[in-house]
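Written below as structure tokens is the structure these notes are about.
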2 protein chains.
Amino acid sequence: MADPRLTFTLHHLVAVLDRHADAILRRELGMTYSQFLFLVTLEGAEGVDGTTLARHLDVSRAAVSKRLPWFVERALVEVRDDPRHGRRTRLFLTDAGRTLARTAADTLEDALQAPARSDLDVDLDALHRDLDALLTWLRAGLDAGAHDAPGADAPDDA
Amino acid sequence: MADPRLTFTLHHLVAVLDRHADAILRRELGMTYSQFLFLVTLEGAEGVDGTTLARHLDVSRAAVSKRLPWFVERALVEVRDDPRHGRRTRLFLTDAGRTLARTAADTLEDALQAPARSDLDVDLDALHRDLDALLTWLRAGLDAGAHDAPGADAPDDA
DNA sequence: CCCAGAATGTCAACTAGTTGACATGCTGCG
DNA sequence: CGCAGCATGTCAACTAGTTGACATTCTGGG
């Protein structure tokens with residue numbers, strides 16, 4: 001990374017994508033990109049507790065704890081007590097939450113990915129495979145070389 | 001993006017890269033990844049004013065304004081008045097700042113990119129080309145389709 | 001020349017995350 | 001059983017950004 005351009009391109013790309021997705025969702029659905037991420041992530045892991053959702057979102061437990069009331073007030077997410085564990089809660093999408101997550105996903109699909117697949121001369125699937133390989137390699141390297149570097153752990157989903 | 005996995009992989013990859021780079025720099029040089037970004041970005045644009053540096057960093061003017069004293073106190077960055085413009089300042093790396101930026105870049109190179117090039121079965125240059133193409137396409141699409149979506153502007157460097 | 005308007009750096013108030021501490025509940029070893 | 005230890009959710013304090021407002025400085029068209 002003495003030549004850090006690949007990393008820079010990645011950062012830039014993510015920033016532009018996020019901004020664009022955020023603008024679309026705000027305009028079309030009055031929601032934020034990170035609200036979308038929250039809902040979609042939960043959709044893919046329904047019934048998990050807060051700790052697990054935090055791990056899926058790559059965010060702290062406290063962050064999830066602070067954001068939850070917003071979704072509950074709007075009846076997008078339901079928090080149920082775990083009957084087997086007084087401390088733990090289980091999180092579910094309501095029907096409205098699921099519908100919103102899917103509508104948002106479709107909106108982004110139509111606005112971004114579909115156009116990209118049709119007019120861009122890049123094989124997105126191959127690209128995705130390479131990025132995945134890179135990610136996997138990185139994680140392996142981290143676990144191996146990092147005696148003192150903590151970072152995220154618990155290979156539970158990815 | 002009804003199938004948002006490419007975006008997710010990108011986010012994940014960037015997060016892992018940043019965490020790893022941050023850990024390395026903290027351990028080896030007692031500095032933060034975002035401090036490194038600040039220095040490297042300035043190295044590539046020496047003499048710019050705060051507004052321009054903010055644009056290069058993809059961050060607000062206020063953010064640069066708040067961070068500058070930290071670098072100046074440590075004699076890594078020098079702020080000179082622009083003789084032609086009483087309000088504007090021009091920003092330069094000191095020798096120490098330049099040295100630190102380069103050491104940090106080399107450290108990351110050794111720890112990440114070099115190993116990746118040697119044991120990873122991914123063509124990083126091709127990957128970079130594809131990401132660049134995607135980024136370029138995205139930006140073009142934004143400028144074209146976004147009547148109301150503001151976003152960043154001023155095609156000045158990238 | 002002059003003044004409307006834009007650009008610059010900074011400030012205050014806010015936002016969404018972090019870490020570390022805590023009370024509480026569960027688990028398993030003796 | 002009992003209790004040491006871990007996991008869970010939440011809180012307070014902090015961090016690094018944001019936006020919007022501001023004073024100040026420059027610029028350009030009458």
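As shown in the structure tokens, the chain order sets the letters A, B, ...; within each chain, residues go from 1, and ligands are also counted from 1 in the order they appear.
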What are the closest atom pairs, with distances in Å to one decimal, for each residue of chain A lying within 7 Å of chain C, using only C-alpha atoms (C1' of nucleotides), rows by chain and rising residue number, as a tab-separated table?
```
residue	atom	partner	partner_atom	distance
A:Ala63	CA	C:DG17	C1'	6.8
A:Gly86	CA	C:DG25	C1'	6.3
A:Arg87	CA	C:DG25	C1'	5.7
```
Output file for the residues above (all heavy atoms, as a PDB file, in the first residue's frame):
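As written to disk, part_32.pdb reads:
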```
ATOM      1  N   ALA A  63     -24.890   0.612  19.899  1.00  0.00           N
ATOM      2  CA  ALA A  63     -25.457   1.302  18.746  1.00  0.00           C
ATOM      3  C   ALA A  63     -26.816   0.711  18.392  1.00  0.00           C
ATOM      4  O   ALA A  63     -27.789   1.444  18.139  1.00  0.00           O
ATOM      5  CB  ALA A  63     -24.503   1.220  17.555  1.00  0.00           C
ATOM      6  N   GLY A  86     -34.338 -14.249  30.437  1.00  0.00           N
ATOM      7  CA  GLY A  86     -34.919 -12.986  30.870  1.00  0.00           C
ATOM      8  C   GLY A  86     -34.192 -11.766  30.375  1.00  0.00           C
ATOM      9  O   GLY A  86     -34.784 -10.693  30.221  1.00  0.00           O
ATOM     10  N   ARG A  87     -32.924 -11.913  30.090  1.00  0.00           N
ATOM     11  CA  ARG A  87     -32.146 -10.752  29.686  1.00  0.00           C
ATOM     12  C   ARG A  87     -32.197 -10.537  28.184  1.00  0.00           C
ATOM     13  O   ARG A  87     -32.113  -9.428  27.692  1.00  0.00           O
ATOM     14  CB  ARG A  87     -30.688 -10.991  30.110  1.00  0.00           C
ATOM     15  CG  ARG A  87     -29.832  -9.751  30.126  1.00  0.00           C
ATOM     16  CD  ARG A  87     -29.962  -9.038  31.455  1.00  0.00           C
ATOM     17  NE  ARG A  87     -29.985  -7.610  31.221  1.00  0.00           N
ATOM     18  CZ  ARG A  87     -29.848  -6.713  32.165  1.00  0.00           C
ATOM     19  NH1 ARG A  87     -29.699  -7.072  33.411  1.00  0.00           N
ATOM     20  NH2 ARG A  87     -29.897  -5.443  31.873  1.00  0.00           N
TER      21      ARG A  87
END
```
Taking only C-alpha atoms (C1' of nucleotides) into account, find every residue of chain B that has an atom no more than 10 Å from chain D, and write it out as a ChimeraX atom specification.
/B:59-60,62-63,66-67,84-88
Using only C-alpha atoms, which chain A residues lie at most 7 Å away from chain B, written as a short mmCIF file (atom, residue, chain, number, x, y, z; two decimals) with C-alpha atoms, in the first residue's frame?
```cif
data_model
loop_
_atom_site.label_atom_id
_atom_site.label_comp_id
_atom_site.auth_asym_id
_atom_site.auth_seq_id
_atom_site.Cartn_x
_atom_site.Cartn_y
_atom_site.Cartn_z
CA MET A 1 0.00 0.00 0.00
CA ALA A 2 2.87 2.33 -0.64
CA LEU A 6 -6.69 0.47 -4.77
CA THR A 9 -10.67 3.63 -5.06
CA LEU A 10 -12.52 1.28 -2.75
CA HIS A 11 -13.22 4.03 -0.27
CA LEU A 13 -16.54 3.81 -4.60
CA VAL A 14 -18.24 2.95 -1.34
CA ARG A 19 -24.47 8.68 -1.10
CA ALA A 23 -30.36 10.00 -1.97
CA ALA A 105 -34.23 -3.21 -2.11
CA ASP A 106 -36.20 -3.22 -5.36
CA LEU A 108 -32.14 0.34 -5.38
CA GLU A 109 -31.99 -2.59 -7.74
CA LEU A 112 -28.40 1.06 -9.69
CA GLN A 113 -27.66 -2.54 -10.21
CA VAL A 122 -17.61 -4.94 -16.19
CA LEU A 127 -15.80 -8.64 -9.61
CA HIS A 128 -17.79 -9.87 -6.69
CA ASP A 130 -12.58 -11.34 -6.57
CA ASP A 132 -14.88 -12.03 -1.84
CA LEU A 135 -11.98 -10.42 1.87
CA ALA A 149 -4.93 -6.99 17.18
#
```
Would you mind reading off the distance between atom CA of Leu25 of chain B and atom CA of Val79 of chain B, one decimal, in Å?
24.9 Å
For atom CA of Thr94 of chain B and atom CA of Glu78 of chain B, determine how far apart the two atoms are, in Å to one decimal place.
6.1 Å
Distance query Leu100 of chain A at most 9 Å, only C-alpha atoms (C1' of nucleotides), self and fewer than 5 positions along chain excluded, as a PDB file with C-alpha atoms, in the first residue's frame:
```pdb
ATOM      1  CA  LEU A  29     -39.211   6.291   0.457  1.00  0.00           C
ATOM      2  CA  PHE A  36     -32.376   0.217   4.967  1.00  0.00           C
ATOM      3  CA  LEU A  39     -33.954  -3.670   8.053  1.00  0.00           C
ATOM      4  CA  LEU A  76     -41.142  -1.781  11.558  1.00  0.00           C
ATOM      5  CA  ASP A  95     -45.029  -7.063   8.028  1.00  0.00           C
ATOM      6  CA  ALA A 105     -34.235  -3.211  -2.111  1.00  0.00           C
TER       7      ALA A 105
END
```
